[in-house]
Every structure is written in structure tokens, then in C-alpha cells.
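As provided, protein_20.txt (compact mmCIF, N, CA and C atoms and all ligand atoms) reads as follows.
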```txt
# COMPACT_ATOMS: atom_id res chain seq x y z
N MET E 1 16.42 -124.99 157.53
CA MET E 1 17.60 -125.79 157.86
C MET E 1 17.18 -126.95 158.75
N ASP E 2 17.69 -128.13 158.44
CA ASP E 2 17.33 -129.26 159.29
C ASP E 2 18.61 -129.93 159.81
N ALA E 3 18.42 -130.98 160.54
CA ALA E 3 19.56 -131.65 161.18
C ALA E 3 20.56 -132.15 160.15
N ASP E 4 20.08 -132.58 158.99
CA ASP E 4 20.98 -133.09 157.96
C ASP E 4 21.94 -132.00 157.49
N ASP E 5 21.46 -130.77 157.39
CA ASP E 5 22.32 -129.68 156.94
C ASP E 5 23.50 -129.50 157.89
N GLN E 6 23.23 -129.60 159.17
CA GLN E 6 24.31 -129.43 160.14
C GLN E 6 25.25 -130.62 160.09
N ALA E 7 24.71 -131.79 159.85
CA ALA E 7 25.53 -132.99 159.87
C ALA E 7 26.46 -133.05 158.68
N ASP E 8 26.05 -132.51 157.53
CA ASP E 8 26.89 -132.67 156.35
C ASP E 8 27.83 -131.49 156.12
N GLY E 9 27.91 -130.59 157.08
CA GLY E 9 28.89 -129.54 157.00
C GLY E 9 28.50 -128.35 156.15
N ARG E 10 27.24 -128.26 155.78
CA ARG E 10 26.84 -127.14 154.93
C ARG E 10 26.35 -125.95 155.74
N THR E 11 26.35 -126.05 157.04
CA THR E 11 25.89 -124.95 157.87
C THR E 11 27.08 -124.10 158.31
N TRP E 12 26.86 -122.78 158.30
CA TRP E 12 27.90 -121.86 158.76
C TRP E 12 27.48 -121.25 160.10
N ARG E 13 28.51 -120.91 160.88
CA ARG E 13 28.27 -120.24 162.16
C ARG E 13 28.77 -118.79 162.04
N VAL E 14 27.93 -117.85 162.39
CA VAL E 14 28.26 -116.43 162.29
C VAL E 14 28.42 -115.86 163.69
N SER E 15 29.52 -115.13 163.90
CA SER E 15 29.70 -114.49 165.19
C SER E 15 30.28 -113.08 165.00
N VAL E 16 29.97 -112.22 165.93
CA VAL E 16 30.52 -110.87 165.95
C VAL E 16 31.23 -110.66 167.28
N ASP E 17 32.47 -110.21 167.20
CA ASP E 17 33.22 -109.89 168.41
C ASP E 17 32.79 -108.49 168.86
N ALA E 18 31.95 -108.45 169.88
CA ALA E 18 31.39 -107.17 170.32
C ALA E 18 32.47 -106.23 170.85
N GLY E 19 33.57 -106.79 171.31
CA GLY E 19 34.65 -105.96 171.81
C GLY E 19 35.41 -105.26 170.70
N ARG E 20 35.32 -105.81 169.52
CA ARG E 20 36.01 -105.22 168.36
C ARG E 20 35.10 -104.32 167.54
N CYS E 21 33.84 -104.68 167.45
CA CYS E 21 32.89 -103.96 166.59
C CYS E 21 32.85 -102.48 166.98
N VAL E 22 32.95 -101.62 165.96
CA VAL E 22 32.89 -100.18 166.21
C VAL E 22 31.55 -99.59 165.75
N GLY E 23 30.62 -100.48 165.40
CA GLY E 23 29.28 -100.03 165.08
C GLY E 23 29.15 -99.25 163.79
N SER E 24 30.04 -99.51 162.84
CA SER E 24 30.02 -98.75 161.59
C SER E 24 28.74 -99.00 160.78
N GLY E 25 28.17 -100.18 160.95
CA GLY E 25 26.96 -100.52 160.21
C GLY E 25 27.21 -101.02 158.80
N VAL E 26 28.46 -101.17 158.43
CA VAL E 26 28.78 -101.65 157.08
C VAL E 26 28.17 -103.03 156.83
N CYS E 27 28.29 -103.90 157.81
CA CYS E 27 27.78 -105.26 157.62
C CYS E 27 26.25 -105.26 157.46
N ALA E 28 25.57 -104.47 158.27
CA ALA E 28 24.11 -104.43 158.19
C ALA E 28 23.65 -103.83 156.87
N ALA E 29 24.43 -102.89 156.35
CA ALA E 29 24.07 -102.29 155.06
C ALA E 29 24.32 -103.29 153.92
N ALA E 30 25.41 -104.05 154.05
CA ALA E 30 25.77 -104.98 152.98
C ALA E 30 24.90 -106.24 153.01
N ALA E 31 24.56 -106.67 154.18
CA ALA E 31 23.78 -107.92 154.31
C ALA E 31 22.75 -107.77 155.44
N PRO E 32 21.72 -106.99 155.18
CA PRO E 32 20.72 -106.74 156.24
C PRO E 32 19.98 -108.01 156.68
N GLY E 33 20.04 -109.01 155.85
CA GLY E 33 19.40 -110.26 156.24
C GLY E 33 20.18 -111.04 157.27
N HIS E 34 21.44 -110.65 157.46
CA HIS E 34 22.30 -111.41 158.37
C HIS E 34 22.77 -110.62 159.59
N PHE E 35 22.78 -109.27 159.45
CA PHE E 35 23.32 -108.46 160.55
C PHE E 35 22.40 -107.28 160.83
N ARG E 36 22.37 -106.88 162.08
CA ARG E 36 21.71 -105.64 162.46
C ARG E 36 22.51 -105.02 163.59
N VAL E 37 22.48 -103.70 163.65
CA VAL E 37 23.22 -103.00 164.68
C VAL E 37 22.25 -102.61 165.79
N VAL E 38 22.57 -103.06 166.98
CA VAL E 38 21.74 -102.79 168.15
C VAL E 38 22.60 -102.09 169.18
N GLN E 39 22.20 -100.88 169.54
CA GLN E 39 22.93 -100.10 170.53
C GLN E 39 24.43 -100.04 170.21
N GLY E 40 24.72 -99.79 168.94
CA GLY E 40 26.10 -99.55 168.54
C GLY E 40 26.94 -100.80 168.30
N THR E 41 26.32 -101.96 168.35
CA THR E 41 27.06 -103.19 168.11
C THR E 41 26.30 -104.08 167.15
N SER E 42 27.03 -104.62 166.19
CA SER E 42 26.39 -105.53 165.25
C SER E 42 26.09 -106.86 165.91
N ARG E 43 24.96 -107.41 165.52
CA ARG E 43 24.59 -108.74 166.01
C ARG E 43 24.12 -109.57 164.82
N PRO E 44 24.56 -110.82 164.77
CA PRO E 44 24.04 -111.69 163.72
C PRO E 44 22.54 -111.92 163.94
N ARG E 45 21.80 -111.94 162.87
CA ARG E 45 20.38 -112.23 163.02
C ARG E 45 20.17 -113.70 163.39
N ALA E 46 21.10 -114.54 162.93
CA ALA E 46 21.05 -115.96 163.29
C ALA E 46 22.47 -116.46 163.43
N ALA E 47 22.72 -117.27 164.43
CA ALA E 47 24.07 -117.80 164.64
C ALA E 47 24.41 -118.86 163.60
N LEU E 48 23.43 -119.61 163.19
CA LEU E 48 23.65 -120.66 162.19
C LEU E 48 22.89 -120.31 160.92
N ILE E 49 23.60 -120.33 159.80
CA ILE E 49 22.98 -119.97 158.52
C ILE E 49 23.36 -120.99 157.46
N GLU E 50 22.58 -120.97 156.41
CA GLU E 50 22.98 -121.72 155.23
C GLU E 50 24.02 -120.88 154.48
N PRO E 51 24.93 -121.52 153.79
CA PRO E 51 25.97 -120.77 153.07
C PRO E 51 25.39 -119.66 152.21
N ASP E 52 25.96 -118.47 152.35
CA ASP E 52 25.44 -117.30 151.63
C ASP E 52 26.59 -116.31 151.40
N GLU E 53 26.87 -116.04 150.15
CA GLU E 53 27.97 -115.13 149.81
C GLU E 53 27.75 -113.74 150.40
N ALA E 54 26.50 -113.36 150.59
CA ALA E 54 26.23 -112.03 151.15
C ALA E 54 26.82 -111.90 152.55
N ALA E 55 26.73 -112.95 153.32
CA ALA E 55 27.28 -112.92 154.68
C ALA E 55 28.80 -112.84 154.63
N VAL E 56 29.41 -113.59 153.72
CA VAL E 56 30.87 -113.56 153.57
C VAL E 56 31.32 -112.18 153.11
N GLY E 57 30.59 -111.62 152.16
CA GLY E 57 30.94 -110.30 151.67
C GLY E 57 30.89 -109.26 152.76
N ALA E 58 29.89 -109.33 153.61
CA ALA E 58 29.76 -108.38 154.71
C ALA E 58 30.90 -108.55 155.69
N ALA E 59 31.25 -109.79 155.98
CA ALA E 59 32.35 -110.04 156.92
C ALA E 59 33.66 -109.51 156.35
N ASP E 60 33.84 -109.68 155.06
CA ASP E 60 35.07 -109.20 154.42
C ASP E 60 35.14 -107.67 154.43
N LEU E 61 33.99 -107.02 154.44
CA LEU E 61 33.95 -105.55 154.42
C LEU E 61 34.17 -104.93 155.79
N CYS E 62 34.00 -105.70 156.84
CA CYS E 62 34.12 -105.13 158.19
C CYS E 62 35.51 -104.51 158.36
N PRO E 63 35.57 -103.25 158.73
CA PRO E 63 36.87 -102.56 158.82
C PRO E 63 37.76 -103.05 159.95
N VAL E 64 37.18 -103.74 160.92
CA VAL E 64 38.00 -104.18 162.06
C VAL E 64 38.00 -105.71 162.21
N GLU E 65 37.52 -106.40 161.18
CA GLU E 65 37.48 -107.87 161.19
C GLU E 65 36.82 -108.40 162.45
N ALA E 66 35.69 -107.82 162.79
CA ALA E 66 34.96 -108.26 163.99
C ALA E 66 34.06 -109.46 163.72
N ILE E 67 33.81 -109.72 162.43
CA ILE E 67 32.90 -110.81 162.07
C ILE E 67 33.69 -112.05 161.70
N ALA E 68 33.27 -113.17 162.21
CA ALA E 68 33.87 -114.44 161.81
C ALA E 68 32.77 -115.36 161.31
N ILE E 69 33.04 -115.98 160.18
CA ILE E 69 32.13 -116.99 159.66
C ILE E 69 32.92 -118.28 159.54
N ARG E 70 32.40 -119.29 160.18
CA ARG E 70 33.08 -120.59 160.20
C ARG E 70 32.11 -121.69 159.81
N THR E 71 32.68 -122.81 159.39
CA THR E 71 31.80 -123.96 159.20
C THR E 71 31.35 -124.41 160.58
N ALA E 72 30.08 -124.74 160.70
CA ALA E 72 29.54 -125.12 162.00
C ALA E 72 30.11 -126.46 162.46
N SER E 73 30.39 -127.32 161.51
CA SER E 73 30.81 -128.67 161.88
C SER E 73 32.27 -128.72 162.33
N SER E 74 33.17 -128.09 161.57
CA SER E 74 34.59 -128.21 161.88
C SER E 74 35.21 -126.93 162.41
N GLY E 75 34.50 -125.81 162.28
CA GLY E 75 35.05 -124.55 162.77
C GLY E 75 36.05 -123.92 161.83
N ASP E 76 36.18 -124.45 160.61
CA ASP E 76 37.11 -123.87 159.64
C ASP E 76 36.68 -122.44 159.30
N LEU E 77 37.66 -121.53 159.26
CA LEU E 77 37.36 -120.12 159.00
C LEU E 77 37.05 -119.90 157.51
N ILE E 78 35.89 -119.32 157.25
CA ILE E 78 35.48 -119.00 155.88
C ILE E 78 35.74 -117.52 155.61
N SER E 79 35.47 -116.69 156.59
CA SER E 79 35.69 -115.26 156.44
C SER E 79 36.01 -114.67 157.81
N PRO E 80 36.87 -113.67 157.93
CA PRO E 80 37.48 -112.96 156.81
C PRO E 80 38.47 -113.84 156.03
N ARG E 81 38.45 -113.60 154.71
CA ARG E 81 39.34 -114.33 153.83
C ARG E 81 40.74 -113.75 153.91
N ALA E 82 41.72 -114.60 153.84
CA ALA E 82 43.11 -114.14 153.92
C ALA E 82 43.47 -113.33 152.69
S1 LIG I 101 31.03 -103.85 159.80
FE1 LIG I 101 32.21 -104.62 161.58
S2 LIG I 101 32.54 -102.81 162.88
FE2 LIG I 101 30.89 -102.31 161.43
S3 LIG I 101 28.98 -102.80 162.55
FE3 LIG I 101 29.56 -104.61 161.33
S4 LIG I 101 30.76 -105.90 162.76
FE4 LIG I 101 30.68 -103.83 163.63
```
Could you show the structure in this file as C-alpha cells?
Amino acid sequence: MDADDQADGRTWRVSVDAGRCVGSGVCAAAAPGHFRVVQGTSRPRAALIEPDEAAVGAADLCPVEAIAIRTASSGDLISPRA
């Protein structure tokens, strides 16, 4: 990923609400390249990623909607999907 990717809006920002996460591990199982569970809480492997359906799918699977994926440039919510 380079500066141009962030400038043109193709970069996503991944976050996990640690207060909500119940450590189910669903996200890490669905998208191990994007999430890992450390001491009972999921953590994104990287805060900024290139668009990847696997990350969206994992966020959609989270039972407590602890994961948010937004566009890095505008903050528009990509997942969880309504
Ligand atoms: S699926 Fe949701 S609750 Fe489960 S570990 Fe991931 S972020 Fe936490």
C-alpha cells in the first residue's frame, strides 16, 4: 500500500471495539489474515488494509458487531452491513 492508495479512497480502516468483543474467535477463524485473538480480545492485524471481502465477511459474522470497517478517507461504514 502506498500514499496514492490512501489518497484515492481505496484504503479501509479496521477497528475492533475491545469493550464489545467477547473473544469468540469467529473473526480470526474467518479471516486469519486480518484478525487474531490476543488474551480474549480480537485485534486487527493491520489498522489500514486494502479492500478485501474476507475482512468484511468476518466483520459481518461477529455476533456482537464489535468490528467496524470504514473507508480510511471518508470514514463511511462498510461493515457491518445493514
Ligand atoms: S467475532 Fe467479534 S466477538 Fe468474536 S473475537 Fe471477533 S471481534 Fe470479538
Taking all atoms listed in the file and a cut-off of 8 Å, can you tell me which residues surround ligand LIG 101 (chain I), written as a short mmCIF file (atom, residue, chain, number, x, y, z; two decimals) with N, CA and C atoms, keeping the file's coordinate frame?
```
data_model
loop_
_atom_site.label_atom_id
_atom_site.label_comp_id
_atom_site.auth_asym_id
_atom_site.auth_seq_id
_atom_site.Cartn_x
_atom_site.Cartn_y
_atom_site.Cartn_z
N SER E 15 29.52 -115.13 163.90
CA SER E 15 29.70 -114.49 165.19
C SER E 15 30.28 -113.08 165.00
N VAL E 16 29.97 -112.22 165.93
CA VAL E 16 30.52 -110.87 165.95
C VAL E 16 31.23 -110.66 167.28
N ASP E 17 32.47 -110.21 167.20
CA ASP E 17 33.22 -109.89 168.41
C ASP E 17 32.79 -108.49 168.86
N ALA E 18 31.95 -108.45 169.88
CA ALA E 18 31.39 -107.17 170.32
C ALA E 18 32.47 -106.23 170.85
N ARG E 20 35.32 -105.81 169.52
CA ARG E 20 36.01 -105.22 168.36
C ARG E 20 35.10 -104.32 167.54
N CYS E 21 33.84 -104.68 167.45
CA CYS E 21 32.89 -103.96 166.59
C CYS E 21 32.85 -102.48 166.98
N VAL E 22 32.95 -101.62 165.96
CA VAL E 22 32.89 -100.18 166.21
C VAL E 22 31.55 -99.59 165.75
N GLY E 23 30.62 -100.48 165.40
CA GLY E 23 29.28 -100.03 165.08
C GLY E 23 29.15 -99.25 163.79
N SER E 24 30.04 -99.51 162.84
CA SER E 24 30.02 -98.75 161.59
C SER E 24 28.74 -99.00 160.78
N GLY E 25 28.17 -100.18 160.95
CA GLY E 25 26.96 -100.52 160.21
C GLY E 25 27.21 -101.02 158.80
N VAL E 26 28.46 -101.17 158.43
CA VAL E 26 28.78 -101.65 157.08
C VAL E 26 28.17 -103.03 156.83
N CYS E 27 28.29 -103.90 157.81
CA CYS E 27 27.78 -105.26 157.62
C CYS E 27 26.25 -105.26 157.46
N ALA E 28 25.57 -104.47 158.27
CA ALA E 28 24.11 -104.43 158.19
C ALA E 28 23.65 -103.83 156.87
N ALA E 29 24.43 -102.89 156.35
CA ALA E 29 24.07 -102.29 155.06
C ALA E 29 24.32 -103.29 153.92
N PHE E 35 22.78 -109.27 159.45
CA PHE E 35 23.32 -108.46 160.55
C PHE E 35 22.40 -107.28 160.83
N ARG E 36 22.37 -106.88 162.08
CA ARG E 36 21.71 -105.64 162.46
C ARG E 36 22.51 -105.02 163.59
N VAL E 37 22.48 -103.70 163.65
CA VAL E 37 23.22 -103.00 164.68
C VAL E 37 22.25 -102.61 165.79
N VAL E 38 22.57 -103.06 166.98
CA VAL E 38 21.74 -102.79 168.15
C VAL E 38 22.60 -102.09 169.18
N GLY E 40 24.72 -99.79 168.94
CA GLY E 40 26.10 -99.55 168.54
C GLY E 40 26.94 -100.80 168.30
N THR E 41 26.32 -101.96 168.35
CA THR E 41 27.06 -103.19 168.11
C THR E 41 26.30 -104.08 167.15
N SER E 42 27.03 -104.62 166.19
CA SER E 42 26.39 -105.53 165.25
C SER E 42 26.09 -106.86 165.91
N ARG E 43 24.96 -107.41 165.52
CA ARG E 43 24.59 -108.74 166.01
C ARG E 43 24.12 -109.57 164.82
N ALA E 58 29.89 -109.33 153.61
CA ALA E 58 29.76 -108.38 154.71
C ALA E 58 30.90 -108.55 155.69
N ALA E 59 31.25 -109.79 155.98
CA ALA E 59 32.35 -110.04 156.92
C ALA E 59 33.66 -109.51 156.35
N ASP E 60 33.84 -109.68 155.06
CA ASP E 60 35.07 -109.20 154.42
C ASP E 60 35.14 -107.67 154.43
N LEU E 61 33.99 -107.02 154.44
CA LEU E 61 33.95 -105.55 154.42
C LEU E 61 34.17 -104.93 155.79
N CYS E 62 34.00 -105.70 156.84
CA CYS E 62 34.12 -105.13 158.19
C CYS E 62 35.51 -104.51 158.36
N PRO E 63 35.57 -103.25 158.73
CA PRO E 63 36.87 -102.56 158.82
C PRO E 63 37.76 -103.05 159.95
N VAL E 64 37.18 -103.74 160.92
CA VAL E 64 38.00 -104.18 162.06
C VAL E 64 38.00 -105.71 162.21
N GLU E 65 37.52 -106.40 161.18
CA GLU E 65 37.48 -107.87 161.19
C GLU E 65 36.82 -108.40 162.45
N ALA E 66 35.69 -107.82 162.79
CA ALA E 66 34.96 -108.26 163.99
C ALA E 66 34.06 -109.46 163.72
N ILE E 67 33.81 -109.72 162.43
CA ILE E 67 32.90 -110.81 162.07
C ILE E 67 33.69 -112.05 161.70
N ALA E 68 33.27 -113.17 162.21
CA ALA E 68 33.87 -114.44 161.81
C ALA E 68 32.77 -115.36 161.31
#
```
For this session: as a ChimeraX atom specification, please: all residues of chain E that backbone DSSP puts in helix (DSSP H, G or I).
Result: /E:3-7,26-30,53-61
Take the residues that were just selected and, keeping N, CA and C atoms, output them as a compact mmCIF listing (two decimals), in the coordinates of the input.
```txt
# COMPACT_ATOMS: atom_id res chain seq x y z
N ALA E 3 18.42 -130.98 160.54
CA ALA E 3 19.56 -131.65 161.18
C ALA E 3 20.56 -132.15 160.15
N ASP E 4 20.08 -132.58 158.99
CA ASP E 4 20.98 -133.09 157.96
C ASP E 4 21.94 -132.00 157.49
N ASP E 5 21.46 -130.77 157.39
CA ASP E 5 22.32 -129.68 156.94
C ASP E 5 23.50 -129.50 157.89
N GLN E 6 23.23 -129.60 159.17
CA GLN E 6 24.31 -129.43 160.14
C GLN E 6 25.25 -130.62 160.09
N ALA E 7 24.71 -131.79 159.85
CA ALA E 7 25.53 -132.99 159.87
C ALA E 7 26.46 -133.05 158.68
N VAL E 26 28.46 -101.17 158.43
CA VAL E 26 28.78 -101.65 157.08
C VAL E 26 28.17 -103.03 156.83
N CYS E 27 28.29 -103.90 157.81
CA CYS E 27 27.78 -105.26 157.62
C CYS E 27 26.25 -105.26 157.46
N ALA E 28 25.57 -104.47 158.27
CA ALA E 28 24.11 -104.43 158.19
C ALA E 28 23.65 -103.83 156.87
N ALA E 29 24.43 -102.89 156.35
CA ALA E 29 24.07 -102.29 155.06
C ALA E 29 24.32 -103.29 153.92
N ALA E 30 25.41 -104.05 154.05
CA ALA E 30 25.77 -104.98 152.98
C ALA E 30 24.90 -106.24 153.01
N GLU E 53 26.87 -116.04 150.15
CA GLU E 53 27.97 -115.13 149.81
C GLU E 53 27.75 -113.74 150.40
N ALA E 54 26.50 -113.36 150.59
CA ALA E 54 26.23 -112.03 151.15
C ALA E 54 26.82 -111.90 152.55
N ALA E 55 26.73 -112.95 153.32
CA ALA E 55 27.28 -112.92 154.68
C ALA E 55 28.80 -112.84 154.63
N VAL E 56 29.41 -113.59 153.72
CA VAL E 56 30.87 -113.56 153.57
C VAL E 56 31.32 -112.18 153.11
N GLY E 57 30.59 -111.62 152.16
CA GLY E 57 30.94 -110.30 151.67
C GLY E 57 30.89 -109.26 152.76
N ALA E 58 29.89 -109.33 153.61
CA ALA E 58 29.76 -108.38 154.71
C ALA E 58 30.90 -108.55 155.69
N ALA E 59 31.25 -109.79 155.98
CA ALA E 59 32.35 -110.04 156.92
C ALA E 59 33.66 -109.51 156.35
N ASP E 60 33.84 -109.68 155.06
CA ASP E 60 35.07 -109.20 154.42
C ASP E 60 35.14 -107.67 154.43
N LEU E 61 33.99 -107.02 154.44
CA LEU E 61 33.95 -105.55 154.42
C LEU E 61 34.17 -104.93 155.79
```
Exercise. Could you work out how far CA of Gly33 in chain E lies from atom N of Ser73 in chain E, giving the answer in Å with one decimal?
Worked result: 21.0 Å
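Residues within 6.5 Å of Thr11 in chain E, counting only N, CA and C atoms and excluding same-chain residues fewer than 4 positions away, are Asp5, Gln6, Leu48, Ile49, Glu50, Pro51, Arg70, Thr71, Ala72 and Ser73 of chain E.
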Convert the current residue selection to file output with N, CA and C atoms, as a CSV table (one decimal), in the coordinates of the input.
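Final output, saved to result_28.csv:
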```
chain,number,residue,atom,x,y,z
E,5,ASP,N,21.5,-130.8,157.4
E,5,ASP,CA,22.3,-129.7,156.9
E,5,ASP,C,23.5,-129.5,157.9
E,6,GLN,N,23.2,-129.6,159.2
E,6,GLN,CA,24.3,-129.4,160.1
E,6,GLN,C,25.2,-130.6,160.1
E,48,LEU,N,23.4,-119.6,163.2
E,48,LEU,CA,23.6,-120.7,162.2
E,48,LEU,C,22.9,-120.3,160.9
E,49,ILE,N,23.6,-120.3,159.8
E,49,ILE,CA,23.0,-120.0,158.5
E,49,ILE,C,23.4,-121.0,157.5
E,50,GLU,N,22.6,-121.0,156.4
E,50,GLU,CA,23.0,-121.7,155.2
E,50,GLU,C,24.0,-120.9,154.5
E,51,PRO,N,24.9,-121.5,153.8
E,51,PRO,CA,26.0,-120.8,153.1
E,51,PRO,C,25.4,-119.7,152.2
E,70,ARG,N,32.4,-119.3,160.2
E,70,ARG,CA,33.1,-120.6,160.2
E,70,ARG,C,32.1,-121.7,159.8
E,71,THR,N,32.7,-122.8,159.4
E,71,THR,CA,31.8,-124.0,159.2
E,71,THR,C,31.4,-124.4,160.6
E,72,ALA,N,30.1,-124.7,160.7
E,72,ALA,CA,29.5,-125.1,162.0
E,72,ALA,C,30.1,-126.5,162.5
E,73,SER,N,30.4,-127.3,161.5
E,73,SER,CA,30.8,-128.7,161.9
E,73,SER,C,32.3,-128.7,162.3
```
Exercise. What would the list of residues within 5 Å of (23.4, -106.2, 151.7) (file frame) look like as an NGL selection string, if all atoms listed in the file are what count?
Worked result: :E and (29-32)
Problem set entry | Option closest in space to Ala55 in chain E, from E:Ser79, E:Gln39, E:Gly19, E:Ser74 [counting only C-alpha atoms] |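 Under the stated criterion, the closest residue is E:Ser79.
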Problem set entry | Using only C-alpha atoms: which of E:His34, E:Arg13, E:Arg81, E:Arg45 has the shortest distance to Ile69 in chain E |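 Selected residue with least distance to Ile69 in chain E: E:Arg13.
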